[in-house]
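Trainee: Questions regarding the structure given below will be posed in turn.
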Amino acid sequence: MSLLKKINEMSDSRRSRKAWFGAVCVVFLTLIIIPSIFVVFRLFTDWSSVDGVIADGATMGVIKGALFNSFSIAFIVTVIDVIVGIPMAWLLVRKHFQGKRYLDTLMDMPLAFPTAVLGISVVMFWGAPEGIDIPGLGLNLSPYAMLILLHTIFTYPYMVRSLSAILEQIEPNYETAAMTLSASRFTAVRTITLPLFRAGLVTGFILCFARSLSETGGTYIALKMMGVQSTFFTGPTFINDAKSLLGPDSAMGPMILISVLMIVLAIALLVAARLMMVRLKIPTSRVWPQFGRRLSRGTVPKIKDALSIAFLLVIVLIPSFYIFAFLTQPVAAVDYGALLSSIGLSFLVAGAAVVFDIVFGIPMALYIARNRRTVLGKMLDEAVNVPLIIPTTALGFSLALFWGMFYSGDSTAVFTAMVILGHISFTYPLVVRNIIGAVEEADASYEEVAMTLGAKPFQAFSKVLVPIIKSSIIAGAILSFTRSLGETGATTSISGAVKTVPVYIMDLVNKDSYAEAAMCSIILIVICFILIFAVRMIINRGERHA
Amino acid sequence: MKIRMENVSMKFGDFYAAKDINISISKGEYLTILGPSGCGKTTLIKMISGILRPTEGCIFVDGEDVTDTHLEDRDTGYVFQNIALFPNMTVSDNVGYSPRVRDMTKDETASVSEEYLKLVKMLDRAGAIPKELSGGEQQKVAIARALASGSKLLMLDEPLSALDARVRVELRYDMRRLVKKLGITVLHVTHDQEEAMSVSDRIILMRAGRIVEIGTPLDMYRNPGSIFAAYFIGETNLLECTVSGKTKTGKTVVRLRGGQMVRAAKSVLTEGDAAVISVRPENVYAAKEGLKAEVTEVVFMGTYRRVRTVAETNDYLEYNISSDDEIPKIGDKVHLVFNKKATMVFPRPEKGLKEAIELE
Ligand SMILES: Nc1ncnc2c1ncn2[C@@H]1O[C@H](COP(=O)(O)OP(=O)(O)O)[C@@H](O)[C@H]1O
Ligand SMILES: [Mg+2]
């Protein structure tokens, strides 16, 4: 009997379906959730080492400063994203104009850049880092301001995408209806569309906030290039650097403490944001008709659109691509062997994580989408978000502590496996969330019809449902893959021995080999774009044939 | 309010959704815009209300050119086909939306909202949110919301098509009564000819972006100006024929495909012209002699029965019998005669009959 046939037969039995779903839950719990928050248990078992840190004013000061930097930067960046993201989402969803397709593509580009690369590029563009001959704007920005500029770049696309997704579902007739009732466009948007927007706003807020909070590689590189890496910290860069700063033994306490604080604060924020979504009221009782009309007509909307595009260009795109300026320089020597093997390793990690995400993510997404009302469904729905919101560096550190209980050797293969597990943790929610959305939109009756026609449950699933949700699976997979490819913090905090490509680039920057780091970045970006382009081609071709 | 449209067209890309529209509508008139789906009805009222700007021509309201007036200054009530009540507001906030965005005080807004909810008899649901209401209730609220703007011009886009049959019939008379009381000019889009006939002062019949005919329901039913109008408004039998002459009183005599002679109403056609006659089922009777036909089906319609036949000319012919009459059996041979005054004669369309009654 072939494997496929066997699966078909097995899927017919309720018991085997239950067993499979049970296995998925167990995997989710033991490989993803528990390792991610294990550090919280360590806080209690290892209280003695933490106790010492709390008493130590100097270290506490650094920890508090790092936490303040992380959370306040994340907050400011997210607020900026909301302010500039709303008009951009409007432009992409509601307006029709030439070149919109290009704008749409440009939008996602920063997502394909590993943040480590963005770190180099952004500092080059805005500042005048020592050791780089290419002229930038030469602004003398504080590290804080520089990080805001940097973090805006890779959070902005998330915000615009979440907002567009919701806006697409809001009936455009609502605004038109409001306008037939004498509301200006501005008033219509403020009183009707924005309140309907809340859910998307909160999702975007959480995504961007979590993303900014997690970011390690680019942040560290930016600080290093500005020469402040050992005086200015964010939570993740502190964890990243604590061992070399304080020595491996005395670093343990501060690392546990800051990780736990970040995890707890982040989860508390997630909960608060959820509650806010229900409570948040956009004040709409007063309107100012004349003022609204003035804002809705003539030059104001045009200026708004122009500013949105200018923001995308000046703050997001140009600084991202500025690293290509290195191509004007004599080509730097690159250790191709080391670079290619690090790229290979990155692809291995990302690929393995994505395959795992898909295999174990689809059943989870199906269950959550179809059992929203049940207690288990709700709990899983929330639990899936947890690794998404936890700063990845803390997550990696936690995971390393967890698996460190079972393994104390130094085999790079084992460390690589642990890194893969770490990457699974923070990419798994991306895949699951994407598929949940698609399954909820797909009508369950298709599958039921297929089954009344004699299909086995697995056949109904693979022949009927999968084709419907295919594009979301692919979108989730691409998102996860690029996210994994760009991740630094989780990797370094699990093991310093696993040199994925962002880690490799970070090492080069650490050695002040900027030109080589830039060259490696360029090669990496080109490979990424070719890859994304190829995937799109294959998907498009597949769709045309279908 | 009076409305006048002069040579108005709306082009999407290369495609005219509405072309060469010329109409004038008087104050307080209840007009329906009737036509098959996709013929440009919605486009027409969207242009009048300012949601779409026509690509050609001008629109006048009370003599003033409003072609370039912004939507929010048009002051035209509009009820969307999908109703589009604001889901984030209660029924009373929906109705009070227009007063509120005109910066009326809270009290004024509340009293306007109450007044119009009372008019549509929905005051007891004032605190509900839209999705708790039935389709008919939502429609009433949508109308109240549009009227609460104080506008004297109301566009209704297929307001009843999503409702249950009984609600639909009740609501259409309620609607007419209400707007007549308020003296509002109404353009009511529908694809249901029965609805159009029962509520309108005049009907605008559209097809493929153009106005085919404008007239009162009775006129359009009795004296349609085209085969399309005869076919789309009410039901009719269409038979191809040739004019063979006129009677002394001026009635037209035509020869059917099988050579049978039939007398029909007056017409401008002359001997030898290719023609089509249109006769409604209620003007066809079974008699002792006349056009031979074979019964293929008898359908119970409530107050009457519809008999379907194939005539000896190979045309399909339908007629009505009273529910009490003896029911013909399938295969029975009958003789049919037409009420000649009600048998209209049209020139046979060059591209054929089928094209003339096609809906697109
Ligand atoms: N915004 C638009 N862009 C392109 N074509 C449109 C647009 N709106 C309507 N149309 C086309 O114009 C025609 C008339 O549409 P509409 O006025 O909605 O018809 P109706 O309301 O009579 O069903 C249709 O063929 C429709 O596809
Ligand atoms: Mg329509």
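Just so we're on the same page: first chain in the structure tokens is A, next is B, and so on; residues restart at 1 for each chain, and ligands are numbered from 1 in the order they show up.
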Please identify the helix (DSSP H, G or I) residues within region 55-100 of chain B (assignment by DSSP from backbone atoms) and present them as a ChimeraX atom specification.

Mentor: /B:71-73,91-95,97-100

Trainee: Output the contact residues of chain B with respect to chain A at a cut-off of 8 Å, based on only C-alpha atoms, as JSON, numbers by chain.

Mentor: {"B": [49, 51, 71, 72, 73, 74, 75, 76, 77, 78, 79, 80, 84, 85, 86, 88, 97, 98, 100, 101, 102, 103, 146, 149]}

Trainee: Could you dump the residues just selected with N, CA and C atoms as a PDB file, in the first residue's frame?

Mentor:
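To be explicit, this is the file written out as again.pdb:
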```pdb
ATOM      1  N   SER B  49     -26.566  61.790  -8.270  1.00  0.00           N
ATOM      2  CA  SER B  49     -26.277  62.128  -6.878  1.00  0.00           C
ATOM      3  C   SER B  49     -24.860  62.647  -6.685  1.00  0.00           C
ATOM      4  N   ILE B  51     -22.028  60.841  -7.051  1.00  0.00           N
ATOM      5  CA  ILE B  51     -21.030  59.821  -6.708  1.00  0.00           C
ATOM      6  C   ILE B  51     -20.110  59.594  -7.902  1.00  0.00           C
ATOM      7  N   LEU B  71     -19.761  65.764  -4.127  1.00  0.00           N
ATOM      8  CA  LEU B  71     -20.751  64.841  -3.583  1.00  0.00           C
ATOM      9  C   LEU B  71     -21.351  65.338  -2.274  1.00  0.00           C
ATOM     10  N   GLU B  72     -20.469  65.784  -1.353  1.00  0.00           N
ATOM     11  CA  GLU B  72     -20.984  66.130  -0.028  1.00  0.00           C
ATOM     12  C   GLU B  72     -21.794  67.426  -0.020  1.00  0.00           C
ATOM     13  N   ASP B  73     -21.764  68.156  -1.143  1.00  0.00           N
ATOM     14  CA  ASP B  73     -22.561  69.376  -1.204  1.00  0.00           C
ATOM     15  C   ASP B  73     -23.789  69.198  -2.086  1.00  0.00           C
ATOM     16  N   ARG B  74     -23.996  67.988  -2.570  1.00  0.00           N
ATOM     17  CA  ARG B  74     -25.094  67.764  -3.498  1.00  0.00           C
ATOM     18  C   ARG B  74     -26.444  67.747  -2.812  1.00  0.00           C
ATOM     19  N   ASP B  75     -26.453  67.280  -1.584  1.00  0.00           N
ATOM     20  CA  ASP B  75     -27.713  67.220  -0.868  1.00  0.00           C
ATOM     21  C   ASP B  75     -28.708  66.276  -1.548  1.00  0.00           C
ATOM     22  N   THR B  76     -28.238  65.101  -1.876  1.00  0.00           N
ATOM     23  CA  THR B  76     -29.094  64.097  -2.485  1.00  0.00           C
ATOM     24  C   THR B  76     -29.085  62.854  -1.613  1.00  0.00           C
ATOM     25  N   GLY B  77     -30.244  62.426  -1.170  1.00  0.00           N
ATOM     26  CA  GLY B  77     -30.309  61.195  -0.392  1.00  0.00           C
ATOM     27  C   GLY B  77     -30.049  60.004  -1.304  1.00  0.00           C
ATOM     28  N   TYR B  78     -29.322  59.017  -0.793  1.00  0.00           N
ATOM     29  CA  TYR B  78     -29.000  57.869  -1.640  1.00  0.00           C
ATOM     30  C   TYR B  78     -29.049  56.605  -0.786  1.00  0.00           C
ATOM     31  N   VAL B  79     -29.835  55.645  -1.223  1.00  0.00           N
ATOM     32  CA  VAL B  79     -29.888  54.379  -0.487  1.00  0.00           C
ATOM     33  C   VAL B  79     -29.216  53.310  -1.348  1.00  0.00           C
ATOM     34  N   PHE B  80     -28.137  52.759  -0.819  1.00  0.00           N
ATOM     35  CA  PHE B  80     -27.340  51.826  -1.607  1.00  0.00           C
ATOM     36  C   PHE B  80     -28.011  50.475  -1.752  1.00  0.00           C
ATOM     37  N   ALA B  84     -25.744  49.426   3.241  1.00  0.00           N
ATOM     38  CA  ALA B  84     -24.607  50.176   3.796  1.00  0.00           C
ATOM     39  C   ALA B  84     -24.944  51.006   5.016  1.00  0.00           C
ATOM     40  N   LEU B  85     -25.703  50.450   5.944  1.00  0.00           N
ATOM     41  CA  LEU B  85     -25.840  51.122   7.236  1.00  0.00           C
ATOM     42  C   LEU B  85     -24.495  51.038   7.934  1.00  0.00           C
ATOM     43  N   PHE B  86     -24.135  52.083   8.674  1.00  0.00           N
ATOM     44  CA  PHE B  86     -22.833  52.074   9.343  1.00  0.00           C
ATOM     45  C   PHE B  86     -22.858  51.037  10.457  1.00  0.00           C
ATOM     46  N   ASN B  88     -20.936  50.377  12.815  1.00  0.00           N
ATOM     47  CA  ASN B  88     -20.395  50.756  14.125  1.00  0.00           C
ATOM     48  C   ASN B  88     -21.313  51.705  14.889  1.00  0.00           C
ATOM     49  N   TYR B  97     -26.876  60.688  11.558  1.00  0.00           N
ATOM     50  CA  TYR B  97     -25.534  60.974  11.044  1.00  0.00           C
ATOM     51  C   TYR B  97     -25.464  62.293  10.280  1.00  0.00           C
ATOM     52  N   SER B  98     -26.427  62.477   9.411  1.00  0.00           N
ATOM     53  CA  SER B  98     -26.368  63.680   8.583  1.00  0.00           C
ATOM     54  C   SER B  98     -26.509  64.966   9.407  1.00  0.00           C
ATOM     55  N   ARG B 100     -25.675  65.350  12.388  1.00  0.00           N
ATOM     56  CA  ARG B 100     -24.472  65.462  13.206  1.00  0.00           C
ATOM     57  C   ARG B 100     -23.303  66.024  12.400  1.00  0.00           C
ATOM     58  N   VAL B 101     -23.118  65.517  11.175  1.00  0.00           N
ATOM     59  CA  VAL B 101     -21.964  66.016  10.418  1.00  0.00           C
ATOM     60  C   VAL B 101     -22.212  67.421   9.883  1.00  0.00           C
ATOM     61  N   ARG B 102     -23.440  67.908  10.038  1.00  0.00           N
ATOM     62  CA  ARG B 102     -23.670  69.319   9.709  1.00  0.00           C
ATOM     63  C   ARG B 102     -23.541  70.176  10.942  1.00  0.00           C
ATOM     64  N   ASP B 103     -23.004  69.548  11.997  1.00  0.00           N
ATOM     65  CA  ASP B 103     -22.696  70.301  13.197  1.00  0.00           C
ATOM     66  C   ASP B 103     -23.935  70.776  13.938  1.00  0.00           C
ATOM     67  N   ALA B 146     -31.361  58.524   4.862  1.00  0.00           N
ATOM     68  CA  ALA B 146     -31.220  59.377   3.688  1.00  0.00           C
ATOM     69  C   ALA B 146     -32.133  60.591   3.786  1.00  0.00           C
ATOM     70  N   SER B 149     -31.348  63.807   6.095  1.00  0.00           N
ATOM     71  CA  SER B 149     -30.451  64.864   5.645  1.00  0.00           C
ATOM     72  C   SER B 149     -31.277  66.071   5.197  1.00  0.00           C
TER      73      SER B 149
END
```

Trainee: Which residues of chain B sit at most 7 Å from ligand 1, using only C-alpha atoms and all ligand atoms? Give each one's shortest atom pair and distance in Å (one decimal place), in chain and ascending residue order, as CSV.

Mentor:
```
residue,atom,partner,partner_atom_place_in_ligand_line,distance
B:Phe12,CA,ligand 1,4 (C),4.8
B:Ala17,CA,ligand 1,12 (O),4.1
B:Gly35,CA,ligand 1,22 (O),6.5
B:Pro36,CA,ligand 1,22 (O),6.4
B:Ser37,CA,ligand 1,23 (O),3.7
B:Gly38,CA,ligand 1,23 (O),3.4
B:Cys39,CA,ligand 1,22 (O),4.0
B:Gly40,CA,ligand 1,17 (O),3.2
B:Lys41,CA,ligand 1,22 (O),3.7
B:Thr42,CA,ligand 1,21 (O),3.6
B:Thr43,CA,ligand 1,17 (O),3.6
B:Leu44,CA,ligand 1,17 (O),6.5
B:Gly209,CA,ligand 1,14 (C),6.8
```

Trainee: What's the separation between CA of Glu297 (chain B) and CA of Phe338 (chain B), in Å to one decimal place?

Mentor: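 If I compute the distance from CA of Glu297 (chain B) to CA of Phe338 (chain B), I get 19.7 Å.
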
Trainee: Report the residues of region 194-257 of chain B whose backbone DSSP state falls under strand (DSSP E or B), written as an MDAnalysis selection string.

Mentor: chainID B and resid 202:207 210:215 237:246 251:256

Trainee: Could you give me, as a list in words, the residues within 9 Å of region 453-467 of chain A, counting only C-alpha atoms and dropping anything in the same chain fewer than 4 positions from it?

Mentor: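 Surrounding residues, per the criterion: Ile7, Asn8, Glu9, Met10, Ser11, Asp12, Val439, Ala442, Ala444, Tyr446, Glu447, Glu448, Val449, Ser471 and Ile473 of chain A.
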
Trainee: With distances taken over only C-alpha atoms, which of A:Gln98, A:Thr392, A:Thr105, A:Thr152 is nearest to Val84 (chain A)?

Mentor: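 Going through A:Gln98, A:Thr392, A:Thr105, A:Thr152 one by one, the smallest distance to Val84 (chain A) is for A:Thr152.
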
Trainee: Env of Thr270 (chain B): 9 Å cut, atoms = only C-alpha atoms, seq-sep filter 5 positions within chain, self excluded. Answer as an NGL selection string.

Mentor: :B and (243-246 or 252)

Trainee: Would you put the residues from that selection into a file with all heavy atoms, as a PDB file, in the first residue's frame?

Mentor:
```
ATOM      1  N   VAL B 243     -47.075  42.966 -43.284  1.00  0.00           N
ATOM      2  CA  VAL B 243     -48.294  43.769 -43.422  1.00  0.00           C
ATOM      3  C   VAL B 243     -48.916  43.476 -44.782  1.00  0.00           C
ATOM      4  O   VAL B 243     -48.230  43.511 -45.800  1.00  0.00           O
ATOM      5  CB  VAL B 243     -47.975  45.272 -43.297  1.00  0.00           C
ATOM      6  CG1 VAL B 243     -49.235  46.102 -43.531  1.00  0.00           C
ATOM      7  CG2 VAL B 243     -47.376  45.571 -41.935  1.00  0.00           C
ATOM      8  N   SER B 244     -50.229  43.152 -44.750  1.00  0.00           N
ATOM      9  CA  SER B 244     -50.846  42.862 -46.046  1.00  0.00           C
ATOM     10  C   SER B 244     -51.846  43.942 -46.443  1.00  0.00           C
ATOM     11  O   SER B 244     -52.347  43.943 -47.541  1.00  0.00           O
ATOM     12  CB  SER B 244     -51.507  41.490 -46.034  1.00  0.00           C
ATOM     13  OG  SER B 244     -52.706  41.555 -45.300  1.00  0.00           O
ATOM     14  N   GLY B 245     -52.128  44.873 -45.542  1.00  0.00           N
ATOM     15  CA  GLY B 245     -53.008  45.973 -45.925  1.00  0.00           C
ATOM     16  C   GLY B 245     -53.630  46.647 -44.720  1.00  0.00           C
ATOM     17  O   GLY B 245     -53.214  46.412 -43.580  1.00  0.00           O
ATOM     18  N   LYS B 246     -54.609  47.546 -44.990  1.00  0.00           N
ATOM     19  CA  LYS B 246     -55.290  48.262 -43.915  1.00  0.00           C
ATOM     20  C   LYS B 246     -56.793  48.054 -44.078  1.00  0.00           C
ATOM     21  O   LYS B 246     -57.288  47.897 -45.186  1.00  0.00           O
ATOM     22  CB  LYS B 246     -54.987  49.773 -44.022  1.00  0.00           C
ATOM     23  CG  LYS B 246     -53.525  50.142 -43.789  1.00  0.00           C
ATOM     24  CD  LYS B 246     -53.243  50.271 -42.299  1.00  0.00           C
ATOM     25  CE  LYS B 246     -51.770  50.434 -42.004  1.00  0.00           C
ATOM     26  NZ  LYS B 246     -51.251  51.779 -42.080  1.00  0.00           N
ATOM     27  N   THR B 252     -54.506  47.662 -38.997  1.00  0.00           N
ATOM     28  CA  THR B 252     -53.525  46.979 -39.831  1.00  0.00           C
ATOM     29  C   THR B 252     -53.922  45.515 -39.987  1.00  0.00           C
ATOM     30  O   THR B 252     -54.339  44.882 -39.016  1.00  0.00           O
ATOM     31  CB  THR B 252     -52.142  47.041 -39.166  1.00  0.00           C
ATOM     32  OG1 THR B 252     -51.966  48.341 -38.612  1.00  0.00           O
ATOM     33  CG2 THR B 252     -51.031  46.757 -40.147  1.00  0.00           C
TER      34      THR B 252
END
```

Trainee: Would you pick out the contacts of region 66-82 of chain A at 9 Å or less, using only C-alpha atoms, so that residues sharing its chain but fewer than 6 positions from it are not included, and give the list as number ranges by chain?

Mentor: A: 144-145, 147-149, 151-152, 155-160, 163, 201, 204-206, 208-214, 232-238, 258, 261-262, 266

Trainee: Can you tell me which residues surround His188 (chain B) at a distance of at most 8 Å, considering only C-alpha atoms, apart from same-chain residues fewer than 2 positions away, and format the answer as a list in words?

Mentor: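 The residues that qualify are Tyr30, Leu31, Thr32, Ile33, Met155, Leu156, Asp157, Glu158, Pro159, Val186 and Thr190 of chain B.
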
Trainee: Quote the spacing between CA of Asp335 (chain A) and CA of Gly496 (chain A) in Å to one decimal place.

Mentor: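 A separation of 19.7 Å between them.
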
Trainee: Considering only C-alpha atoms, return as a VMD selection string whatever protein or nucleic-acid residues lie within 10 Å of region 327-330 of chain B, sequence-local ones (same chain, fewer than 4 positions apart) excluded.

Mentor: chain B and resid 294 to 299 305 307 to 309 321 to 323 334
